[in-house]
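Next comes protein-v9.csv, with CSV, C-alpha atoms.
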```csv
chain,number,residue,atom,x,y,z
G,18,MET,CA,0.0,0.0,0.0
G,19,PRO,CA,1.4,3.5,-0.9
G,20,GLN,CA,2.7,5.6,1.9
G,21,LEU,CA,1.0,8.9,2.8
G,22,PRO,CA,3.0,11.8,1.4
G,23,SER,CA,4.5,14.5,3.6
G,24,PHE,CA,2.2,17.3,4.8
G,25,ILE,CA,3.7,19.8,2.4
G,26,GLN,CA,3.6,17.4,-0.5
G,27,MET,CA,-0.1,16.7,0.1
G,28,TYR,CA,-0.7,20.5,0.3
G,29,ARG,CA,1.2,21.0,-3.0
G,30,GLU,CA,-0.7,18.3,-4.8
G,31,LEU,CA,-4.1,19.6,-3.6
G,32,ILE,CA,-3.3,23.1,-4.7
G,33,ALA,CA,-2.0,21.9,-8.1
G,34,THR,CA,-5.2,20.1,-8.9
G,35,PRO,CA,-7.8,22.5,-10.3
G,36,SER,CA,-11.3,22.2,-8.9
G,37,VAL,CA,-13.0,25.5,-9.6
G,38,SER,CA,-16.8,25.7,-9.2
G,39,CYS,CA,-18.5,28.6,-11.0
G,40,LEU,CA,-21.9,29.2,-12.5
G,41,ASP,CA,-20.1,30.4,-15.6
G,42,PRO,CA,-19.3,27.1,-17.6
G,43,SER,CA,-16.1,28.6,-19.0
G,44,TRP,CA,-14.6,28.5,-15.5
G,45,ASP,CA,-16.3,25.4,-14.0
G,46,THR,CA,-14.1,22.3,-13.4
G,47,SER,CA,-14.8,18.8,-12.2
G,48,ASN,CA,-13.5,18.0,-8.7
G,49,LYS,CA,-13.0,14.3,-9.6
G,50,ALA,CA,-9.2,14.5,-9.5
G,51,VAL,CA,-9.1,15.9,-6.0
G,52,ILE,CA,-11.6,13.3,-4.8
G,53,GLU,CA,-9.5,10.5,-6.2
G,54,LYS,CA,-6.4,11.9,-4.6
G,55,LEU,CA,-8.1,12.1,-1.2
G,56,ALA,CA,-9.5,8.6,-1.7
G,57,GLN,CA,-6.1,7.2,-2.3
G,58,TRP,CA,-4.6,8.8,0.8
G,59,LEU,CA,-7.4,8.0,3.1
G,60,ASP,CA,-7.4,4.4,1.8
G,61,SER,CA,-3.7,4.1,2.7
G,62,LEU,CA,-4.6,5.0,6.3
G,63,GLY,CA,-7.3,2.3,6.5
G,64,PHE,CA,-10.5,4.1,5.8
G,65,GLN,CA,-13.4,2.6,3.8
G,66,ILE,CA,-14.2,4.9,0.9
G,67,ASP,CA,-17.6,5.8,-0.7
G,68,ILE,CA,-17.7,8.2,-3.7
G,69,HIS,CA,-20.9,9.6,-5.0
G,70,GLU,CA,-21.4,11.4,-8.3
G,71,LEU,CA,-24.0,14.1,-7.7
G,72,ASP,CA,-27.4,13.4,-9.0
G,73,HIS,CA,-28.0,17.1,-9.9
G,74,GLN,CA,-24.5,18.0,-11.0
G,75,SER,CA,-22.8,15.5,-13.3
G,76,GLY,CA,-19.1,15.4,-13.2
G,77,LYS,CA,-19.0,16.6,-9.5
G,78,TYR,CA,-18.4,14.2,-6.6
G,79,ASN,CA,-18.7,13.8,-2.9
G,80,LEU,CA,-16.5,11.5,-0.9
G,81,LEU,CA,-17.2,9.9,2.5
G,82,ALA,CA,-14.3,8.0,4.2
G,83,HIS,CA,-15.2,6.2,7.3
G,84,TYR,CA,-13.7,4.0,10.0
G,85,ILE,CA,-16.2,2.3,12.2
G,86,PRO,CA,-14.9,0.2,15.1
G,87,GLU,CA,-16.6,-3.1,15.7
G,88,GLY,CA,-19.8,-2.6,17.7
G,89,ALA,CA,-19.9,1.2,17.3
G,90,SER,CA,-22.2,1.9,14.4
G,91,GLU,CA,-23.3,5.4,15.4
G,92,GLY,CA,-21.9,8.5,17.0
G,93,GLY,CA,-18.3,9.7,16.7
G,94,LEU,CA,-16.9,12.6,14.7
G,95,MET,CA,-17.1,13.8,11.2
G,96,LEU,CA,-14.5,16.2,9.8
G,97,ALA,CA,-16.0,17.9,6.7
G,98,GLY,CA,-14.9,20.3,4.0
G,99,HIS,CA,-15.4,21.3,0.4
G,100,THR,CA,-13.0,20.4,-2.4
G,101,ASP,CA,-13.9,23.3,-4.7
G,102,THR,CA,-12.4,26.8,-5.0
G,103,VAL,CA,-13.7,30.0,-6.5
G,104,PRO,CA,-12.2,31.2,-9.8
G,105,TRP,CA,-9.0,33.3,-9.6
G,106,ASP,CA,-8.5,36.9,-10.5
G,107,GLU,CA,-6.3,36.7,-13.6
G,108,GLY,CA,-3.9,39.6,-13.5
G,109,ARG,CA,-4.2,40.2,-9.8
G,110,TRP,CA,-2.3,37.1,-8.6
G,111,THR,CA,1.4,37.7,-8.5
G,112,GLN,CA,2.1,34.0,-9.0
G,113,ASP,CA,0.6,30.8,-10.5
G,114,PRO,CA,-2.4,30.1,-8.2
G,115,PHE,CA,-1.9,26.3,-8.7
G,116,LYS,CA,1.7,26.3,-7.5
G,117,LEU,CA,2.2,26.2,-3.7
G,118,ARG,CA,4.8,28.8,-2.8
G,119,GLU,CA,6.4,29.4,0.6
G,120,ASP,CA,7.4,32.9,1.2
G,121,ASN,CA,7.5,35.4,4.1
G,122,GLY,CA,6.2,32.9,6.6
G,123,CYS,CA,3.2,31.9,4.5
G,124,LEU,CA,2.0,29.2,2.1
G,125,TYR,CA,0.4,30.7,-1.0
G,126,GLY,CA,-2.0,29.1,-3.4
G,127,LEU,CA,-5.6,28.9,-4.5
G,128,GLY,CA,-7.4,26.9,-1.9
G,129,SER,CA,-4.6,27.2,0.7
G,130,ALA,CA,-7.0,28.7,3.2
G,131,ASP,CA,-10.5,28.2,1.6
G,132,MET,CA,-10.2,25.3,1.9
G,133,LYS,CA,-8.6,22.4,0.2
G,134,GLY,CA,-5.6,22.7,2.5
G,135,PHE,CA,-7.8,21.6,5.4
G,136,PHE,CA,-7.7,18.0,4.1
G,137,ALA,CA,-3.9,18.1,4.4
G,138,PHE,CA,-4.3,19.1,8.0
G,139,VAL,CA,-6.7,16.2,8.7
G,140,LEU,CA,-4.5,13.7,7.0
G,141,GLU,CA,-1.4,14.8,8.8
G,142,ALA,CA,-3.3,14.7,12.2
G,143,LEU,CA,-4.4,11.1,11.3
G,144,ARG,CA,-0.8,10.1,10.5
G,145,GLY,CA,-0.1,9.9,14.2
G,146,ILE,CA,-3.3,7.9,15.2
G,147,ASP,CA,-3.7,4.2,14.9
G,148,LEU,CA,-7.3,3.7,13.8
G,149,LYS,CA,-7.5,0.4,15.6
G,150,THR,CA,-7.4,2.4,18.9
G,151,LEU,CA,-10.6,4.2,18.0
G,152,THR,CA,-13.7,3.3,20.0
G,153,LYS,CA,-16.2,5.5,18.0
G,154,PRO,CA,-16.7,6.1,14.3
G,155,LEU,CA,-14.6,8.7,12.4
G,156,TYR,CA,-15.8,10.1,9.1
G,157,ILE,CA,-14.1,12.4,6.6
G,158,LEU,CA,-16.5,14.2,4.2
G,159,ALA,CA,-15.3,16.0,1.1
G,160,THR,CA,-18.0,17.8,-0.9
G,161,ALA,CA,-18.5,19.5,-4.3
G,162,ASP,CA,-19.7,22.9,-5.3
G,163,GLU,CA,-19.9,24.7,-2.0
G,164,GLU,CA,-18.8,27.9,-3.7
G,165,THR,CA,-21.8,27.9,-6.0
G,166,THR,CA,-25.0,25.9,-5.3
G,167,MET,CA,-23.9,23.7,-2.3
G,168,ALA,CA,-25.1,20.8,-4.5
G,169,GLY,CA,-22.8,18.4,-2.7
G,170,ALA,CA,-24.0,19.3,0.8
G,171,ARG,CA,-27.6,18.8,-0.5
G,172,GLU,CA,-27.0,15.2,-1.4
G,173,LEU,CA,-25.5,13.7,1.9
G,174,ASP,CA,-28.4,11.3,2.0
G,175,ALA,CA,-26.7,9.4,-0.8
G,176,PHE,CA,-24.4,7.9,1.9
G,177,GLY,CA,-27.3,6.2,3.6
G,178,HIS,CA,-27.6,6.3,7.4
G,179,LEU,CA,-24.9,8.8,8.3
G,180,LYS,CA,-25.4,10.2,11.8
G,181,PRO,CA,-22.2,11.2,13.7
G,182,GLU,CA,-22.7,12.7,17.1
G,183,PHE,CA,-20.4,15.6,16.2
G,184,ALA,CA,-19.3,17.4,13.1
G,185,ILE,CA,-16.6,20.0,12.4
G,186,ILE,CA,-16.5,21.9,9.1
G,187,GLY,CA,-13.0,23.1,8.5
G,188,GLU,CA,-13.6,26.5,7.0
G,189,PRO,CA,-10.8,29.0,7.8
G,190,THR,CA,-11.7,30.4,11.3
G,191,SER,CA,-8.2,30.6,12.8
G,192,MET,CA,-9.3,27.6,14.8
G,193,THR,CA,-12.1,29.6,16.5
G,194,PRO,CA,-15.4,27.7,16.8
G,195,VAL,CA,-18.1,29.5,14.8
G,196,THR,CA,-21.5,28.6,16.1
G,197,ALA,CA,-23.9,30.6,13.9
G,198,HIS,CA,-24.2,32.3,10.6
G,199,LYS,CA,-26.9,33.8,8.4
G,200,GLY,CA,-28.4,32.0,5.4
G,201,HIS,CA,-28.0,33.0,1.7
G,202,LEU,CA,-30.6,33.6,-1.0
G,203,THR,CA,-29.8,34.9,-4.5
G,204,GLU,CA,-32.8,35.9,-6.5
G,205,ALA,CA,-33.4,37.4,-10.0
G,206,VAL,CA,-36.3,39.8,-10.4
G,207,ARG,CA,-37.2,39.8,-14.1
G,208,VAL,CA,-39.4,42.5,-15.7
G,209,THR,CA,-40.7,42.0,-19.2
G,210,GLY,CA,-42.2,45.0,-21.0
G,211,LYS,CA,-42.7,45.9,-24.6
G,212,SER,CA,-40.2,47.6,-26.9
G,213,GLY,CA,-41.1,50.6,-29.0
G,214,HIS,CA,-39.8,53.9,-30.3
G,215,SER,CA,-38.8,56.4,-27.6
G,216,SER,CA,-40.8,59.2,-29.3
G,217,ASN,CA,-44.0,57.5,-28.4
G,218,PRO,CA,-44.1,56.3,-24.7
G,219,ALA,CA,-47.6,54.9,-25.2
G,220,GLY,CA,-46.4,52.6,-27.9
G,221,GLY,CA,-44.5,50.3,-25.5
G,222,VAL,CA,-44.2,49.3,-21.8
G,223,ASN,CA,-40.9,50.4,-20.3
G,224,ALA,CA,-39.4,47.6,-18.2
G,225,ILE,CA,-37.0,50.1,-16.5
G,226,GLU,CA,-39.9,52.1,-15.2
G,227,ILE,CA,-41.6,49.0,-13.8
G,228,MET,CA,-38.3,48.0,-12.2
G,229,HIS,CA,-38.2,51.4,-10.5
G,230,ASP,CA,-41.6,50.6,-8.9
G,231,VAL,CA,-40.2,47.1,-7.9
G,232,ILE,CA,-37.1,48.6,-6.3
G,233,THR,CA,-39.3,51.1,-4.4
G,234,GLU,CA,-41.2,48.3,-2.9
G,235,LEU,CA,-38.1,46.2,-2.1
G,236,ARG,CA,-36.6,49.2,-0.3
G,237,THR,CA,-39.7,49.0,2.0
G,238,VAL,CA,-38.9,45.3,2.5
G,239,GLN,CA,-35.4,46.3,3.6
G,240,ARG,CA,-36.9,48.5,6.3
G,241,GLU,CA,-39.3,45.8,7.3
G,242,PHE,CA,-36.5,43.4,7.8
G,243,GLN,CA,-34.8,45.8,10.2
G,244,GLN,CA,-37.9,46.6,12.1
G,245,ARG,CA,-39.4,43.1,12.5
G,246,PHE,CA,-36.3,40.8,13.0
G,247,ASN,CA,-33.3,41.1,15.4
G,248,ASP,CA,-30.5,38.9,16.6
G,249,ALA,CA,-28.0,40.9,18.7
G,250,THR,CA,-25.3,38.2,18.4
G,251,PHE,CA,-24.6,39.5,14.8
G,252,GLU,CA,-22.8,42.7,14.0
G,253,VAL,CA,-25.6,43.4,11.5
G,254,PRO,CA,-28.5,42.1,13.7
G,255,TYR,CA,-31.2,41.9,11.1
G,256,PRO,CA,-31.7,40.1,7.7
G,257,THR,CA,-30.4,42.1,4.8
G,258,LEU,CA,-31.5,42.6,1.2
G,259,ASN,CA,-28.8,43.9,-1.2
G,260,PHE,CA,-29.3,45.1,-4.8
G,261,GLY,CA,-26.3,43.5,-6.4
G,262,ALA,CA,-26.7,43.9,-10.2
G,263,ILE,CA,-29.1,45.4,-12.7
G,264,HIS,CA,-29.3,45.1,-16.5
G,265,GLY,CA,-31.8,46.6,-18.9
G,266,GLY,CA,-32.2,48.2,-22.2
G,267,ASP,CA,-29.9,48.6,-25.2
G,268,ALA,CA,-30.3,52.1,-26.6
G,269,ALA,CA,-31.5,55.6,-25.4
G,270,ASN,CA,-34.0,55.9,-28.2
G,271,ARG,CA,-35.8,52.5,-27.6
G,272,ILE,CA,-38.3,51.7,-24.9
G,273,CYS,CA,-36.7,49.1,-22.7
G,274,ALA,CA,-38.5,45.7,-23.0
G,275,CYS,CA,-36.4,43.7,-20.5
G,276,CYS,CA,-34.8,44.5,-17.2
G,277,GLU,CA,-33.3,42.2,-14.6
G,278,LEU,CA,-32.3,42.8,-11.0
G,279,HIS,CA,-30.2,40.4,-8.9
G,280,ILE,CA,-30.7,40.6,-5.1
G,281,ASP,CA,-29.0,38.9,-2.2
G,282,MET,CA,-30.8,38.2,1.0
G,283,ARG,CA,-29.3,37.0,4.3
G,284,PRO,CA,-31.9,35.4,6.7
G,285,LEU,CA,-31.1,35.1,10.4
G,286,PRO,CA,-30.8,31.6,11.9
G,287,GLY,CA,-34.2,30.1,12.5
G,288,MET,CA,-36.0,32.4,10.1
G,289,ASN,CA,-38.6,30.8,7.9
G,290,ILE,CA,-37.4,31.5,4.4
G,291,ASP,CA,-41.0,31.2,3.0
G,292,ASP,CA,-41.9,34.1,5.3
G,293,MET,CA,-39.2,36.2,3.6
G,294,TYR,CA,-40.6,35.4,0.2
G,295,GLY,CA,-44.1,36.2,1.5
G,296,LEU,CA,-43.0,39.7,2.5
G,297,ILE,CA,-41.7,40.3,-1.0
G,298,ASP,CA,-44.8,38.9,-2.6
G,299,ASP,CA,-47.0,41.1,-0.5
G,300,ARG,CA,-45.0,44.2,-1.4
G,301,LEU,CA,-45.0,43.4,-5.1
G,302,ARG,CA,-48.6,42.5,-5.4
G,303,GLU,CA,-49.8,46.0,-6.5
G,304,VAL,CA,-47.0,46.3,-9.1
G,305,LYS,CA,-47.9,42.8,-10.5
G,306,ALA,CA,-51.6,43.8,-10.6
G,307,LYS,CA,-50.8,47.0,-12.5
G,308,TYR,CA,-48.5,45.1,-15.0
G,309,PRO,CA,-50.0,41.6,-15.4
G,310,GLY,CA,-47.4,39.0,-16.3
G,311,ALA,CA,-44.6,41.5,-16.3
G,312,VAL,CA,-42.8,40.7,-13.0
G,313,CYS,CA,-41.4,37.4,-11.9
G,314,LEU,CA,-39.0,36.3,-9.1
G,315,GLN,CA,-36.7,33.3,-9.8
G,316,HIS,CA,-34.1,31.5,-7.6
G,317,MET,CA,-30.5,31.8,-8.9
G,318,HIS,CA,-29.7,28.9,-6.6
G,319,GLU,CA,-31.8,27.0,-4.0
G,320,PRO,CA,-32.1,28.9,-0.7
G,321,ILE,CA,-29.5,28.2,2.0
G,322,PRO,CA,-30.9,28.5,5.6
G,323,GLY,CA,-29.2,30.1,8.5
G,324,TYR,CA,-27.4,28.0,11.1
G,325,ARG,CA,-26.9,28.0,14.8
G,326,CYS,CA,-25.3,25.6,17.3
G,327,ASP,CA,-25.9,26.1,21.1
G,328,ASN,CA,-22.8,27.5,22.7
G,329,ASP,CA,-23.4,25.2,25.7
G,330,SER,CA,-23.3,22.1,23.5
G,331,ASP,CA,-20.6,19.5,24.1
G,332,ILE,CA,-18.7,20.1,20.8
G,333,VAL,CA,-18.5,23.9,21.4
G,334,GLN,CA,-17.2,23.4,25.0
G,335,LEU,CA,-14.7,20.8,23.8
G,336,ALA,CA,-13.4,23.0,21.0
G,337,HIS,CA,-13.2,26.0,23.3
G,338,GLY,CA,-11.3,24.0,25.9
G,339,LEU,CA,-8.8,22.6,23.5
G,340,THR,CA,-8.1,25.8,21.5
G,341,GLY,CA,-8.7,28.4,24.1
G,342,ASN,CA,-10.8,30.3,21.6
G,343,ALA,CA,-14.3,31.4,22.6
G,344,PRO,CA,-17.1,30.7,20.1
G,345,GLU,CA,-18.1,33.4,17.6
G,346,VAL,CA,-20.7,34.1,14.9
G,347,ALA,CA,-19.9,34.7,11.2
G,348,ASN,CA,-21.2,36.8,8.4
G,349,TYR,CA,-20.4,34.3,5.6
G,350,CYS,CA,-22.4,31.2,4.8
G,351,THR,CA,-21.3,27.5,4.9
G,352,GLU,CA,-22.5,23.9,4.5
G,353,ALA,CA,-23.3,23.8,8.3
G,354,PRO,CA,-27.1,23.8,8.0
G,355,PHE,CA,-27.0,20.7,5.7
G,356,VAL,CA,-24.5,18.9,7.9
G,357,GLN,CA,-26.4,19.8,11.0
G,358,GLY,CA,-29.5,18.3,9.3
G,359,LEU,CA,-27.9,14.9,9.8
G,360,GLY,CA,-28.7,15.3,13.5
G,361,CYS,CA,-25.2,16.1,14.8
G,362,GLN,CA,-23.8,18.9,16.9
G,363,THR,CA,-22.0,21.0,14.3
G,364,ILE,CA,-19.4,23.8,14.4
G,365,ILE,CA,-17.3,25.5,11.9
G,366,MET,CA,-13.6,25.6,12.8
G,367,GLY,CA,-10.4,25.3,10.7
G,368,PRO,CA,-7.0,26.7,10.1
G,369,GLY,CA,-6.4,29.9,8.1
G,370,ASN,CA,-8.2,33.2,8.2
G,371,ILE,CA,-11.5,33.9,6.4
G,372,ALA,CA,-10.0,37.3,5.3
G,373,GLN,CA,-7.9,35.3,2.8
G,374,ALA,CA,-10.9,33.6,1.2
G,375,HIS,CA,-11.6,34.5,-2.4
G,376,GLN,CA,-8.5,36.9,-2.4
G,377,PRO,CA,-5.6,37.1,-4.9
G,378,ASP,CA,-2.5,35.6,-3.5
G,379,GLU,CA,-4.5,33.6,-1.0
G,380,TYR,CA,-2.3,32.2,1.8
G,381,ILE,CA,-2.1,30.5,5.2
G,382,GLN,CA,0.5,31.4,7.8
G,383,ILE,CA,3.1,28.8,8.5
G,384,ASP,CA,3.1,29.4,12.2
G,385,GLU,CA,-0.6,28.3,12.3
G,386,ILE,CA,0.2,24.8,11.0
G,387,ALA,CA,1.6,22.9,14.0
G,388,PRO,CA,-1.0,24.2,16.5
G,389,ALA,CA,-3.9,23.5,14.2
G,390,GLN,CA,-2.6,20.0,13.5
G,391,ARG,CA,-2.4,19.4,17.2
G,392,HIS,CA,-5.9,20.7,17.9
G,393,ILE,CA,-7.4,18.5,15.2
G,394,ARG,CA,-5.6,15.5,16.5
G,395,ASP,CA,-6.7,16.2,20.0
G,396,LEU,CA,-10.3,16.6,18.9
G,397,ILE,CA,-10.2,13.2,17.2
G,398,ARG,CA,-8.7,11.6,20.2
G,399,SER,CA,-11.1,13.2,22.7
G,400,ILE,CA,-14.2,12.1,20.8
G,401,CYS,CA,-13.2,8.9,19.1
G,402,GLN,CA,-10.8,7.3,21.6
G,403,ALA,CA,-13.0,8.1,24.7
```
Translate the structure of the given file into structure tokens.
Amino acid sequence: MPQLPSFIQMYRELIATPSVSCLDPSWDTSNKAVIEKLAQWLDSLGFQIDIHELDHQSGKYNLLAHYIPEGASEGGLMLAGHTDTVPWDEGRWTQDPFKLREDNGCLYGLGSADMKGFFAFVLEALRGIDLKTLTKPLYILATADEETTMAGARELDAFGHLKPEFAIIGEPTSMTPVTAHKGHLTEAVRVTGKSGHSSNPAGGVNAIEIMHDVITELRTVQREFQQRFNDATFEVPYPTLNFGAIHGGDAANRICACCELHIDMRPLPGMNIDDMYGLIDDRLREVKAKYPGAVCLQHMHEPIPGYRCDNDSDIVQLAHGLTGNAPEVANYCTEAPFVQGLGCQTIIMGPGNIAQAHQPDEYIQIDEIAPAQRHIRDLIRSICQA
């Protein structure tokens, strides 16, 4: 059986293997090569490997590696992460994003922090653990397309009865347990009017003017979000609605027939997403009645709910005790609500800093490596050797 490569070599190979996920097909890449590499390494350590091609995203794969001691079919720990990266900003990177480079006390490369590098940390932590000494199951989950649709996290039921007691998602948190984040909804508001010559406004229906009415109503929704909902644990304590992009028209002397607005909404943990859509529907009802069939709202991806784990839960207390870092909440969104849906206590905690995510010349600091490896190893031992 092949030996596990060194930590740096695993890091280098993961960074060198492209696995970009993007809604633009010109950027999008299969993650199969990364999954196969992880499968080989985890197999060499003695894990059983299951690989699932996504039902709703062909060419993308999830991996579940598991070691289940005899007589211990439930419980234990799952270490989870996504294998994809965002596209890179061509012209803004000062180096090849797929070549791991060590410089100025840092390791640079696309996915070094967010978050392919996490798997190298997990594998290195496991190098010093004899799986035969485990008394509870240990799972390693690697998913696809977290950076776009979270398609991989939505298909965890493909692995059958998967119910660890605890789960840790290794997003870059500087090894601080994150116990809550908002959800994420991306919607397209499409307005269809009727084109015509600008000299005769009555000869057409101007989609930009209708969109003006739509935006006026959505501005009211913004205020309703602030007034009706509050969670003081977040720096921005209410759900948000952002106007991110708008496109419409093609010439000043034509009545605009089509206009499209992209909005981003961030629900608080525990909010009913249907209630958010209900507020929008209520506010747009008069506009829709005035312009029948002109306004529609479409999901740009399926909604992602908010997430929260009780700060008094066992996994939070254990992580706090081992790392010395008190739990925090986050502004970004992760796979946590889908993992938590398996019925396990779930936190987000991994090496690297979220400030490096999606940035040119992404890096992780070398002085973080040894402590993070130790903390991951201690978590495995505390839960699975107890």
* **Straight-line distance linking atom CA of G:Glu30 with atom CA of G:Leu117, stated in Å to one decimal** =>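 Interatomic distance, atom CA of G:Glu30 to atom CA of G:Leu117: 8.5 Å.
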* How far is it from atom CA of G:Glu303 to atom CA of G:Glu241, in Å with one decimal? ->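 Distance between the two atoms: 17.3 Å.
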* Place a sphere of radius 10 Å on (-20.9, 26.0, -3.1) in the file coordinates and name every protein, DNA or RNA residue with an atom inside or on its surface, counting all atoms listed in the file; give the answer as a ChimeraX atom specification. => /G:38-40,99-103,160-170,318,350-352
* To do: Show me as a list of chain:residue names the residues that reach within 8 Å of (-9.8, 31.1, 0.2), counting all atoms listed in the file and using the file's own coordinates.
  => G:Thr102, G:Val103, G:Leu127, G:Gly128, G:Ser129, G:Ala130, G:Asp131, G:Met132, G:Pro189, G:Ile371, G:Gln373, G:Ala374, G:His375, G:Gln376, G:Glu379, G:Tyr380
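You will find atom CA of G:Ser90 at 12.4 Å from atom CA of G:Leu151.
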* Asked: So which residues touch G:Phe136 within 10 Å, counting only C-alpha atoms, skipping near sequence neighbours fewer than 5 positions away, as a list in words?
  ->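 Answer for this query is Phe24, Met27, Tyr28, Leu31, Leu55, Leu96, Ala97, Gly98, His99, Thr100, Glu141, Ala142, Ile157, Leu158, Ala159 and Gly187 of chain G.
The neighbours of G:Ile272 here are the residues that come within 10 Å of it, using all atoms listed in the file and leaving out any residue fewer than 5 positions away in the same chain; they are Gly210, Lys211, Ser212, Gly213, His214, Ser215, Ser216, Asn217, Pro218, Ala219, Gly220, Gly221, Val222, Asn223, Ala224, Ile225, Glu226, Gly266 and Asp267 of chain G.
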